[in-house]
file target.txt (compact mmCIF, C-alpha atoms and all ligand atoms)
# COMPACT_ATOMS: atom_id res chain seq x y z
CA MET A 1 108.05 155.51 258.75
CA SER A 2 105.74 157.98 257.25
CA ALA A 3 106.11 157.97 253.49
CA THR A 4 103.62 156.04 251.46
CA THR A 5 104.25 155.01 247.88
CA GLU A 6 101.09 156.81 246.81
CA GLN A 7 100.67 160.36 245.66
CA GLN A 8 98.28 161.24 248.40
CA PRO A 9 98.31 162.95 251.73
CA ALA A 10 99.58 160.48 254.30
CA PRO A 11 96.55 159.12 256.16
CA GLN A 12 97.80 160.69 259.36
CA THR A 13 97.07 164.09 257.87
CA ALA A 14 93.40 163.36 257.09
CA GLN A 15 90.89 165.06 259.33
CA PRO A 16 89.55 162.51 261.76
CA ALA A 17 86.30 163.24 263.54
CA ALA A 18 85.96 162.58 267.25
CA PRO A 19 86.58 158.93 268.18
CA GLY A 20 83.38 156.97 268.43
CA SER A 21 81.43 159.43 266.30
CA GLY A 22 81.22 156.86 263.54
CA ALA A 23 82.23 159.58 261.09
CA ARG A 24 85.93 158.81 261.30
CA PRO A 25 87.46 157.78 257.97
CA ARG A 26 87.61 154.04 257.70
CA VAL A 27 90.42 151.59 257.14
CA LEU A 28 89.98 147.96 256.26
CA SER A 29 92.24 145.02 255.64
CA GLY A 30 92.36 141.23 255.81
CA ILE A 31 94.79 138.36 256.16
CA GLN A 32 94.43 134.75 255.09
CA PRO A 33 94.60 131.90 257.60
CA THR A 34 96.71 129.78 255.28
CA SER A 35 99.56 129.08 257.64
CA GLU A 36 100.20 128.09 261.25
CA SER A 37 101.67 131.53 261.85
CA PHE A 38 101.88 135.01 260.38
CA HIS A 39 105.31 135.64 258.93
CA LEU A 40 107.40 138.71 259.52
CA GLY A 41 106.42 140.12 256.09
CA ASN A 42 102.74 140.00 257.08
CA TYR A 43 103.56 141.80 260.27
CA VAL A 44 105.82 144.61 259.08
CA GLY A 45 104.16 144.91 255.66
CA ALA A 46 100.58 145.07 256.92
CA VAL A 47 99.50 144.21 260.47
CA ARG A 48 101.75 146.76 262.13
CA GLN A 49 100.07 149.50 260.08
CA TRP A 50 96.69 148.20 261.23
CA VAL A 51 97.76 148.74 264.80
CA ASP A 52 98.92 152.29 264.08
CA LEU A 53 95.92 153.29 262.00
CA GLN A 54 93.32 152.05 264.47
CA ARG A 55 93.99 155.11 266.65
CA GLU A 56 92.63 157.67 264.22
CA TYR A 57 90.44 155.69 261.91
CA GLN A 58 87.41 153.51 262.15
CA PRO A 59 89.02 150.12 261.53
CA PHE A 60 87.73 146.81 260.15
CA PHE A 61 90.17 143.90 260.16
CA PHE A 62 89.33 140.35 259.31
CA ILE A 63 90.59 136.81 258.82
CA ALA A 64 89.90 135.89 255.20
CA ASP A 65 88.79 132.29 255.66
CA GLN A 66 86.79 132.30 252.43
CA HIS A 67 89.88 133.24 250.47
CA ALA A 68 91.70 130.36 252.14
CA ILE A 69 89.47 127.77 250.44
CA THR A 70 90.47 128.83 246.94
CA VAL A 71 93.38 126.38 247.17
CA GLU A 72 93.51 122.91 248.78
CA TRP A 73 92.60 122.98 252.46
CA ASP A 74 91.87 120.82 255.46
CA PRO A 75 88.73 121.85 257.42
CA LYS A 76 90.18 121.09 260.85
CA VAL A 77 93.38 122.95 260.10
CA LEU A 78 91.47 125.91 258.64
CA ARG A 79 89.42 126.21 261.82
CA GLU A 80 92.54 126.20 263.99
CA ARG A 81 94.38 128.67 261.79
CA THR A 82 91.45 131.06 261.76
CA LEU A 83 91.53 131.27 265.55
CA ARG A 84 95.31 131.49 265.57
CA GLY A 85 95.00 134.39 263.14
CA ALA A 86 92.60 136.23 265.44
CA ALA A 87 94.86 135.56 268.45
CA GLN A 88 97.85 136.93 266.53
CA LEU A 89 95.99 140.12 265.65
CA LEU A 90 95.29 140.68 269.34
CA ALA A 91 98.89 139.83 270.25
CA ALA A 92 100.12 142.33 267.66
CA GLY A 93 98.10 145.06 269.34
CA VAL A 94 94.92 145.25 267.28
CA ASP A 95 92.56 146.42 269.99
CA PRO A 96 89.00 145.07 269.94
CA LYS A 97 87.81 148.23 271.70
CA ARG A 98 88.90 150.28 268.73
CA SER A 99 88.76 147.83 265.83
CA ALA A 100 86.14 145.45 264.52
CA ILE A 101 88.03 142.15 264.36
CA PHE A 102 86.04 139.47 262.60
CA VAL A 103 86.02 136.37 260.45
CA GLN A 104 85.05 136.92 256.82
CA SER A 105 82.56 134.02 256.69
CA HIS A 106 80.69 135.48 259.69
CA VAL A 107 79.55 138.37 257.51
CA PRO A 108 77.64 136.82 254.60
CA ALA A 109 77.46 140.14 252.74
CA HIS A 110 81.05 139.58 251.52
CA ALA A 111 80.13 136.58 249.40
CA GLN A 112 76.83 138.17 248.40
CA LEU A 113 78.43 141.34 247.06
CA ALA A 114 81.15 139.28 245.38
CA TRP A 115 78.45 137.57 243.32
CA VAL A 116 77.12 140.89 242.10
CA LEU A 117 80.64 142.08 241.25
CA ASN A 118 81.31 138.83 239.37
CA GLY A 119 78.67 140.00 236.93
CA LEU A 120 80.61 143.20 236.33
CA THR A 121 84.08 141.69 236.03
CA GLY A 122 85.51 140.75 232.65
CA PHE A 123 86.90 137.24 232.27
CA GLY A 124 90.06 138.64 230.69
CA GLU A 125 90.38 141.19 233.45
CA ALA A 126 90.35 138.44 236.11
CA ARG A 127 92.75 136.30 234.12
CA ARG A 128 95.32 139.09 234.01
CA MET A 129 95.71 139.11 237.78
CA THR A 130 99.29 138.06 238.47
CA GLN A 131 98.38 136.16 241.61
CA PHE A 132 96.11 133.86 239.61
CA LYS A 133 98.83 133.40 237.01
CA ASP A 134 101.44 132.62 239.68
CA LYS A 135 99.32 130.32 241.80
CA SER A 136 97.85 128.40 238.86
CA ALA A 137 101.20 128.11 237.07
CA LYS A 138 102.25 124.93 238.88
CA GLY A 139 99.28 122.67 238.16
CA GLY A 140 98.09 124.55 235.08
CA GLU A 141 95.03 126.76 234.71
CA GLY A 142 92.73 123.75 234.33
CA ALA A 143 93.59 122.46 237.79
CA ALA A 144 93.03 125.81 239.53
CA SER A 145 89.69 126.37 241.22
CA VAL A 146 87.08 128.84 240.02
CA GLY A 147 87.44 130.31 243.51
CA LEU A 148 91.10 131.12 242.85
CA PHE A 149 90.12 132.79 239.60
CA ALA A 150 87.42 134.87 241.31
CA TYR A 151 89.59 135.58 244.37
CA PRO A 152 90.21 139.26 243.53
CA VAL A 153 86.50 139.86 243.07
CA LEU A 154 85.77 138.60 246.57
CA MET A 155 88.56 140.83 247.79
CA ALA A 156 86.97 143.80 246.03
CA ALA A 157 83.70 142.98 247.77
CA ASP A 158 85.48 142.72 251.14
CA ILE A 159 86.74 146.23 250.67
CA LEU A 160 83.90 148.04 248.94
CA LEU A 161 81.25 146.96 251.46
CA TYR A 162 82.86 149.21 254.09
CA ARG A 163 83.60 152.23 251.88
CA PRO A 164 87.05 152.57 253.46
CA HIS A 165 89.39 155.46 252.72
CA PHE A 166 92.54 153.35 253.05
CA VAL A 167 93.51 149.71 252.72
CA PRO A 168 96.82 148.96 254.48
CA VAL A 169 98.55 146.09 252.65
CA GLY A 170 101.91 144.97 251.29
CA GLU A 171 103.03 145.60 247.73
CA ASP A 172 101.79 142.22 246.46
CA GLN A 173 98.16 143.34 246.90
CA ARG A 174 98.44 146.48 244.78
CA GLN A 175 97.04 144.94 241.61
CA HIS A 176 94.01 143.64 243.50
CA LEU A 177 93.38 147.13 244.80
CA GLU A 178 93.53 148.51 241.30
CA LEU A 179 90.87 146.03 240.21
CA THR A 180 88.81 147.01 243.25
CA ARG A 181 88.94 150.66 242.21
CA ASP A 182 88.04 149.77 238.62
CA LEU A 183 85.03 147.75 239.77
CA ALA A 184 83.91 150.53 242.12
CA GLN A 185 84.12 153.05 239.33
CA ARG A 186 82.27 150.77 236.93
CA PHE A 187 79.48 150.18 239.41
CA ASN A 188 79.22 153.87 240.28
CA SER A 189 78.95 154.96 236.67
CA ARG A 190 76.61 152.16 235.61
CA PHE A 191 74.25 152.59 238.57
CA LYS A 192 74.50 155.39 241.08
CA LYS A 193 77.52 156.52 243.09
CA THR A 194 77.61 153.86 245.78
CA PHE A 195 81.23 152.99 246.47
CA ARG A 196 84.21 155.01 247.62
CA LEU A 197 87.38 154.46 245.59
CA PRO A 198 89.78 153.18 248.27
CA GLU A 199 93.45 154.19 248.36
CA PRO A 200 96.13 151.60 248.98
CA TYR A 201 98.17 152.39 252.07
CA ILE A 202 101.54 150.85 251.37
CA LEU A 203 104.63 151.90 253.31
CA LYS A 204 107.55 152.06 250.94
CA GLU A 205 110.16 150.84 253.41
CA THR A 206 108.40 147.62 254.36
CA ALA A 207 106.14 147.00 251.35
CA LYS A 208 107.97 143.77 250.65
CA LEU A 209 110.15 141.59 252.86
CA TYR A 210 112.19 139.04 251.00
CA ASP A 211 112.88 135.35 251.44
CA LEU A 212 116.00 134.75 253.58
CA GLN A 213 117.24 132.02 251.29
CA ASP A 214 116.32 133.69 248.00
CA PRO A 215 116.26 137.43 248.62
CA THR A 216 115.08 138.20 245.10
CA ARG A 217 111.67 136.65 245.94
CA LYS A 218 109.16 137.86 248.50
CA MET A 219 108.80 136.08 251.82
CA SER A 220 105.65 134.04 251.27
CA LYS A 221 103.45 131.58 253.15
CA SER A 222 102.86 129.56 250.01
CA SER A 223 106.19 129.61 248.22
CA SER A 224 109.05 130.25 250.64
CA SER A 225 111.10 127.29 251.83
CA PRO A 226 111.08 126.77 255.62
CA GLY A 227 114.56 128.32 255.84
CA GLY A 228 113.45 131.39 253.90
CA ILE A 229 110.53 132.48 256.07
CA ILE A 230 110.47 133.99 259.57
CA GLU A 231 107.35 132.63 261.23
CA MET A 232 106.27 134.70 264.18
CA LEU A 233 105.13 131.69 266.23
CA GLU A 234 107.99 129.30 265.63
CA ASP A 235 110.58 128.50 268.26
CA PRO A 236 112.70 131.68 268.55
CA LYS A 237 115.89 129.58 268.61
CA ARG A 238 115.01 128.24 265.19
CA THR A 239 114.26 131.76 263.98
CA ALA A 240 117.67 132.97 265.14
CA LYS A 241 119.36 130.11 263.32
CA LYS A 242 117.52 130.90 260.10
CA ILE A 243 118.62 134.51 260.23
CA ARG A 244 122.22 133.56 260.95
CA SER A 245 122.04 131.30 257.87
CA ALA A 246 120.43 133.90 255.61
CA VAL A 247 121.89 134.17 252.15
CA THR A 248 123.92 137.35 251.80
CA ASP A 249 125.61 138.81 248.78
CA SER A 250 129.02 138.86 247.18
CA GLY A 251 131.37 141.56 248.45
CA ALA A 252 131.65 142.51 252.08
CA GLU A 253 130.22 145.99 252.40
CA ILE A 254 127.08 146.49 254.47
CA ARG A 255 124.89 148.94 252.62
CA PHE A 256 121.28 149.14 251.42
CA ASP A 257 121.11 148.33 247.71
CA LEU A 258 118.19 146.21 246.57
CA GLU A 259 119.72 145.51 243.15
CA GLU A 260 123.26 144.63 244.12
CA LYS A 261 122.75 143.49 247.70
CA PRO A 262 119.23 142.12 248.15
CA GLY A 263 120.15 139.84 251.07
CA VAL A 264 121.89 142.52 253.13
CA SER A 265 119.20 145.06 252.25
CA ASN A 266 116.50 142.70 253.50
CA LEU A 267 118.31 142.29 256.83
CA LEU A 268 118.72 146.05 257.13
CA THR A 269 115.02 146.53 256.43
CA ILE A 270 114.10 144.03 259.15
CA ALA A 271 116.46 145.62 261.68
CA SER A 272 115.13 149.07 260.94
CA ALA A 273 111.46 148.02 260.98
CA LEU A 274 111.67 146.33 264.36
CA THR A 275 113.83 148.88 266.16
CA GLY A 276 112.48 152.11 264.68
CA GLN A 277 116.10 153.10 263.88
CA SER A 278 116.81 154.17 260.30
CA VAL A 279 118.53 151.94 257.76
CA ALA A 280 121.28 154.60 257.60
CA HIS A 281 121.89 154.12 261.32
CA PHE A 282 122.64 150.42 260.78
CA GLU A 283 124.76 151.14 257.70
CA GLU A 284 126.84 153.48 259.77
CA ALA A 285 127.05 151.18 262.77
CA TYR A 286 128.21 148.32 260.55
CA ALA A 287 130.71 150.20 258.39
CA GLY A 288 133.78 148.00 258.05
CA ARG A 289 132.21 145.06 259.88
CA MET A 290 131.30 141.59 258.64
CA TYR A 291 128.00 140.20 257.35
CA GLY A 292 128.09 137.69 260.21
CA ASP A 293 127.99 140.52 262.78
CA LEU A 294 124.92 142.03 261.14
CA LYS A 295 123.15 138.67 260.99
CA LYS A 296 123.85 138.07 264.65
CA GLU A 297 122.35 141.40 265.66
CA VAL A 298 119.33 141.02 263.39
CA ALA A 299 118.72 137.58 264.87
CA GLU A 300 118.72 139.11 268.36
CA ILE A 301 116.40 141.94 267.33
CA VAL A 302 113.92 139.51 265.80
CA VAL A 303 114.06 137.09 268.74
CA ASP A 304 113.45 139.94 271.20
CA PHE A 305 110.44 140.90 269.19
CA VAL A 306 108.85 137.54 268.43
CA THR A 307 109.30 135.96 271.87
CA PRO A 308 106.74 138.12 273.73
CA PHE A 309 104.51 138.14 270.63
CA ARG A 310 104.45 134.36 270.70
CA ASP A 311 103.72 134.26 274.43
CA ARG A 312 100.82 136.68 274.08
CA THR A 313 99.37 134.72 271.16
CA LEU A 314 99.48 131.48 273.13
CA GLU A 315 97.72 133.18 276.04
CA TYR A 316 94.92 134.39 273.80
CA LEU A 317 94.62 130.92 272.28
CA ASP A 318 94.19 129.50 275.76
CA ASP A 319 91.11 131.65 276.26
CA GLN A 320 88.93 130.67 273.34
CA ALA A 321 85.77 131.94 275.01
CA TYR A 322 87.23 135.45 274.99
CA LEU A 323 88.44 135.09 271.40
CA MET A 324 84.96 134.03 270.27
CA GLU A 325 83.42 137.03 272.09
CA VAL A 326 85.80 139.39 270.30
CA LEU A 327 84.93 137.83 266.95
CA ALA A 328 81.20 137.97 267.67
CA ASP A 329 81.39 141.68 268.55
CA GLY A 330 83.48 142.32 265.46
CA ALA A 331 81.01 140.50 263.21
CA ASP A 332 78.11 142.50 264.70
CA THR A 333 79.83 145.83 264.03
CA ALA A 334 81.03 144.82 260.58
CA GLY A 335 77.77 143.10 259.65
CA ALA A 336 75.69 146.21 260.30
CA VAL A 337 77.84 148.29 257.95
CA ALA A 338 78.15 145.59 255.31
CA GLU A 339 74.45 144.76 255.22
CA ALA A 340 73.47 148.39 254.75
CA THR A 341 75.78 148.64 251.73
CA LEU A 342 74.53 145.34 250.34
CA ARG A 343 70.88 146.43 250.59
CA ASP A 344 71.75 149.56 248.69
CA VAL A 345 73.54 147.53 246.01
CA TYR A 346 70.72 145.01 245.65
CA GLN A 347 68.31 147.83 245.14
CA GLN A 348 70.53 149.48 242.50
CA VAL A 349 71.01 146.32 240.47
CA GLY A 350 67.30 145.55 240.34
CA PHE A 351 66.80 142.73 242.85
CA VAL A 352 63.28 142.76 244.25
CA ALA A 353 63.42 143.41 247.98
CA PRO A 354 61.85 140.49 249.88
CA LEU A 355 58.69 141.15 251.85
CA ARG A 356 59.82 141.27 255.48
CA ARG A 357 57.21 139.56 257.66
CA SER A 358 57.24 140.45 261.32
CA ALA A 359 57.97 137.56 263.67
CA ALA A 360 54.42 137.73 265.07
CA GLY A 361 52.82 137.58 261.64
CA ALA A 362 55.06 134.83 260.26
P1 LIG B 1 97.95 137.64 252.79
O1 LIG B 1 97.24 136.81 253.79
O2 LIG B 1 98.77 136.94 251.75
O3 LIG B 1 98.94 138.65 253.51
C1 LIG B 1 98.50 139.52 254.54
C2 LIG B 1 99.19 140.87 254.37
O4 LIG B 1 100.62 140.72 254.43
C3 LIG B 1 101.21 141.38 253.31
N1 LIG B 1 102.43 140.64 252.94
C4 LIG B 1 103.66 141.17 252.88
N2 LIG B 1 104.11 142.42 253.14
C5 LIG B 1 105.45 142.63 253.02
N3 LIG B 1 106.34 141.65 252.64
C6 LIG B 1 105.93 140.40 252.38
N4 LIG B 1 106.80 139.46 252.02
C7 LIG B 1 104.52 140.11 252.48
N5 LIG B 1 103.78 138.99 252.29
C8 LIG B 1 102.51 139.34 252.57
C9 LIG B 1 100.16 141.31 252.22
O5 LIG B 1 100.37 142.29 251.23
C10 LIG B 1 98.89 141.53 253.01
O6 LIG B 1 98.65 142.90 253.19
N6 LIG B 1 94.43 138.92 249.54
C11 LIG B 1 94.96 139.23 250.86
C12 LIG B 1 93.95 139.08 251.99
C13 LIG B 1 92.70 139.87 251.77
C14 LIG B 1 92.58 141.28 251.85
C15 LIG B 1 91.20 141.56 251.59
C16 LIG B 1 93.48 142.32 252.11
C17 LIG B 1 91.48 139.36 251.49
N7 LIG B 1 90.56 140.38 251.36
C18 LIG B 1 90.73 142.87 251.58
C19 LIG B 1 93.00 143.62 252.10
C20 LIG B 1 91.63 143.91 251.83
C21 LIG B 1 96.09 138.26 251.14
O7 LIG B 1 96.17 137.21 250.58
O8 LIG B 1 96.93 138.66 252.11

call {"tool": "encode", "arguments": {"input": "target.txt", "output": "structure tokens", "more": "lines below"}}
Ligand code: TYM
result
Amino acid sequence: MSATTEQQPAPQTAQPAAPGSGARPRVLSGIQPTSESFHLGNYVGAVRQWVDLQREYQPFFFIADQHAITVEWDPKVLRERTLRGAAQLLAAGVDPKRSAIFVQSHVPAHAQLAWVLNGLTGFGEARRMTQFKDKSAKGGEGAASVGLFAYPVLMAADILLYRPHFVPVGEDQRQHLELTRDLAQRFNSRFKKTFRLPEPYILKETAKLYDLQDPTRKMSKSSSSPGGIIEMLEDPKRTAKKIRSAVTDSGAEIRFDLEEKPGVSNLLTIASALTGQSVAHFEEAYAGRMYGDLKKEVAEIVVDFVTPFRDRTLEYLDDQAYLMEVLADGADTAGAVAEATLRDVYQQVGFVAPLRRSAAGA
């Protein structure tokens, strides 16, 4: 998997400086702790790229707990899910020796920069964000929180603080990245050039996994039915059953065609993503065979993948002291970068710098 959907050199071709020099190009991304488990779309659409990119880039990856409170939440559950999120990043192969892994609320500069960017964001511009439209559609705009409305602005702050070159995400985040670039440009032209315009890093093949029960919709923590979503931490037997019951399409031919055969195409994408074999390989292997055969093999591929992932996650969760150390180190590394950017921004926008008293003189 090397092609990106962007007209840009693939990140692998950028010129990295020596590891540890601090001059390596940066990547940054985040994931919300809004579910008991990452789903397979999160993994193949985003987290797997984080693991790959951490080798050549200077990486910042975080659990977006502040985004998670833009819709109804339970404090106890949020706390648990935040730690589960961190454990899953480690289980997926995000390496704390290479990557800063942290919790968004541990770095206050995110919310602080978001406030500045709120002052530069048009109301109409925020309202046009499709995620806000989708998520507020059910209860009506009046019932949605101001946090949900301002969600993309916090996301822009998350990104711009680190001046990353690339932001590895799934297709559903593209519009937010466009807003981020617009805000960066606006800030840079209104004040002085402060922010880098980040490029989305979206792999075409896995940009969007679809719901197993309704393969015209994306697999989603918030809107998929339990049968439609492959949760990485659920009982693998249940996962296998869900895949064997996936909705397929009319006809009998096994070929990749998102328009005519979204269900089969989704299964082919999953098989290819987890084995590293091409979609064409599976099309060939399944020529003249039945949908049921394909489902059975995909179920096995997924179970073989999620079983050790689940075991590793549970092991990390058993060692909370270690998890907290990782998150503390990550917040230190991220905080130093973020605070330097924030100071710069505060100065540009005209905030008076506070007098810093030394501890002895205070
Ligand atoms: P979240 O938590 O919804 O999803 C995490 C990542 O998974 C990707 N993804 C998918 N990829 C392929 N197929 C799917 N069905 C699928 N569903 C989700 C998402 O695109 C995402 O990359 N707003 C972000 C979190 C965030 C963030 C950031 C990301 C907050 N601040 C700054 C990047 C940079 C979100 O809700 O992701």

call {"tool": "closest_residue", "arguments": {"input": "target.txt", "among": "A:Phe123, A:Phe61, A:Phe187, A:Phe102", "to": "Met324 of chain A", "atoms": "only C-alpha atoms"}}
result
A:Phe102

call {"tool": "residues_near_ligand", "arguments": {"input": "target.txt", "ligand": "ligand LIG 1 (chain B)", "cutoff": "9 Å", "atoms": "only C-alpha atoms and all ligand atoms", "output": "PyMOL selection string"}}
result
chain A and resi 28-35+38-47+61-68+104+151-152+154-160+167-174+176-177+202+206-211+217-222+229

call {"tool": "write_last_selection", "arguments": {"input": "target.txt", "atoms": "C-alpha atoms", "output": "CSV table (one decimal), in the coordinates of the input"}}
result
chain,number,residue,atom,x,y,z
A,28,LEU,CA,90.0,148.0,256.3
A,29,SER,CA,92.2,145.0,255.6
A,30,GLY,CA,92.4,141.2,255.8
A,31,ILE,CA,94.8,138.4,256.2
A,32,GLN,CA,94.4,134.8,255.1
A,33,PRO,CA,94.6,131.9,257.6
A,34,THR,CA,96.7,129.8,255.3
A,35,SER,CA,99.6,129.1,257.6
A,38,PHE,CA,101.9,135.0,260.4
A,39,HIS,CA,105.3,135.6,258.9
A,40,LEU,CA,107.4,138.7,259.5
A,41,GLY,CA,106.4,140.1,256.1
A,42,ASN,CA,102.7,140.0,257.1
A,43,TYR,CA,103.6,141.8,260.3
A,44,VAL,CA,105.8,144.6,259.1
A,45,GLY,CA,104.2,144.9,255.7
A,46,ALA,CA,100.6,145.1,256.9
A,47,VAL,CA,99.5,144.2,260.5
A,61,PHE,CA,90.2,143.9,260.2
A,62,PHE,CA,89.3,140.4,259.3
A,63,ILE,CA,90.6,136.8,258.8
A,64,ALA,CA,89.9,135.9,255.2
A,65,ASP,CA,88.8,132.3,255.7
A,66,GLN,CA,86.8,132.3,252.4
A,67,HIS,CA,89.9,133.2,250.5
A,68,ALA,CA,91.7,130.4,252.1
A,104,GLN,CA,85.0,136.9,256.8
A,151,TYR,CA,89.6,135.6,244.4
A,152,PRO,CA,90.2,139.3,243.5
A,154,LEU,CA,85.8,138.6,246.6
A,155,MET,CA,88.6,140.8,247.8
A,156,ALA,CA,87.0,143.8,246.0
A,157,ALA,CA,83.7,143.0,247.8
A,158,ASP,CA,85.5,142.7,251.1
A,159,ILE,CA,86.7,146.2,250.7
A,160,LEU,CA,83.9,148.0,248.9
A,167,VAL,CA,93.5,149.7,252.7
A,168,PRO,CA,96.8,149.0,254.5
A,169,VAL,CA,98.6,146.1,252.6
A,170,GLY,CA,101.9,145.0,251.3
A,171,GLU,CA,103.0,145.6,247.7
A,172,ASP,CA,101.8,142.2,246.5
A,173,GLN,CA,98.2,143.3,246.9
A,174,ARG,CA,98.4,146.5,244.8
A,176,HIS,CA,94.0,143.6,243.5
A,177,LEU,CA,93.4,147.1,244.8
A,202,ILE,CA,101.5,150.8,251.4
A,206,THR,CA,108.4,147.6,254.4
A,207,ALA,CA,106.1,147.0,251.4
A,208,LYS,CA,108.0,143.8,250.6
A,209,LEU,CA,110.2,141.6,252.9
A,210,TYR,CA,112.2,139.0,251.0
A,211,ASP,CA,112.9,135.4,251.4
A,217,ARG,CA,111.7,136.6,245.9
A,218,LYS,CA,109.2,137.9,248.5
A,219,MET,CA,108.8,136.1,251.8
A,220,SER,CA,105.6,134.0,251.3
A,221,LYS,CA,103.4,131.6,253.2
A,222,SER,CA,102.9,129.6,250.0
A,229,ILE,CA,110.5,132.5,256.1

call {"tool": "atom_distance", "arguments": {"input": "target.txt", "atom1": "atom CA of Arg190 of chain A", "atom2": "atom CA of Asn118 of chain A"}}
result
14.6 Å

call {"tool": "closest_residue", "arguments": {"input": "target.txt", "among": "A:Leu317, A:Leu78, A:Met129, A:Ile243", "to": "Ala271 of chain A", "atoms": "all atoms listed in the file"}}
result
A:Ile243

call {"tool": "residues_around", "arguments": {"input": "target.txt", "residues": "Gly335 of chain A", "least_positions_apart": "6", "cutoff": "12 Å", "atoms": "all atoms listed in the file", "output": "list in words"}}
result
Phe60, Phe62, Ala100, Ile101, Phe102, Val103, Gln104, Ser105, His106, Val107, Pro108, Ala109, His110, Asp158, Leu161, Tyr162, Leu327, Ala328, Asp329, Thr341, Leu342 and Arg343 of chain A

call {"tool": "closest_residue", "arguments": {"input": "target.txt", "among": "A:Arg289, A:Arg84, A:Arg357, A:Lys237", "to": "Gln320 of chain A", "atoms": "all atoms listed in the file"}}
result
A:Arg84

call {"tool": "closest_residue", "arguments": {"input": "target.txt", "among": "A:Phe256, A:Phe309, A:Tyr291, A:Trp115", "to": "Ser278 of chain A", "atoms": "all atoms listed in the file"}}
result
A:Phe256

call {"tool": "build_atoms", "arguments": {"input": "target.txt", "residues": "segment 301-312 of chain A", "atoms": "N, CA and C atoms", "output": "tab-separated table (two decimals), in the coordinates of the input"}}
result
chain	number	residue	atom	x	y	z
A	301	ILE	N	117.53	140.99	267.42
A	301	ILE	CA	116.40	141.94	267.33
A	301	ILE	C	115.09	141.18	267.09
A	302	VAL	N	115.15	140.24	266.15
A	302	VAL	CA	113.92	139.51	265.80
A	302	VAL	C	113.48	138.64	266.98
A	303	VAL	N	114.42	137.96	267.61
A	303	VAL	CA	114.06	137.09	268.74
A	303	VAL	C	113.44	137.92	269.87
A	304	ASP	N	114.02	139.08	270.14
A	304	ASP	CA	113.45	139.94	271.20
A	304	ASP	C	112.04	140.37	270.85
A	305	PHE	N	111.78	140.48	269.57
A	305	PHE	CA	110.44	140.90	269.19
A	305	PHE	C	109.44	139.73	269.19
A	306	VAL	N	109.84	138.61	268.59
A	306	VAL	CA	108.85	137.54	268.43
A	306	VAL	C	108.57	136.77	269.74
A	307	THR	N	109.52	136.76	270.65
A	307	THR	CA	109.30	135.96	271.87
A	307	THR	C	108.06	136.44	272.65
A	308	PRO	N	107.96	137.72	273.02
A	308	PRO	CA	106.74	138.12	273.73
A	308	PRO	C	105.49	138.05	272.85
A	309	PHE	N	105.66	138.26	271.55
A	309	PHE	CA	104.51	138.14	270.63
A	309	PHE	C	103.94	136.72	270.69
A	310	ARG	N	104.84	135.77	270.67
A	310	ARG	CA	104.45	134.36	270.70
A	310	ARG	C	103.75	134.04	272.03
A	311	ASP	N	104.32	134.53	273.11
A	311	ASP	CA	103.72	134.26	274.43
A	311	ASP	C	102.30	134.83	274.51
A	312	ARG	N	102.16	136.06	274.03
A	312	ARG	CA	100.82	136.68	274.08
A	312	ARG	C	99.83	135.90	273.22
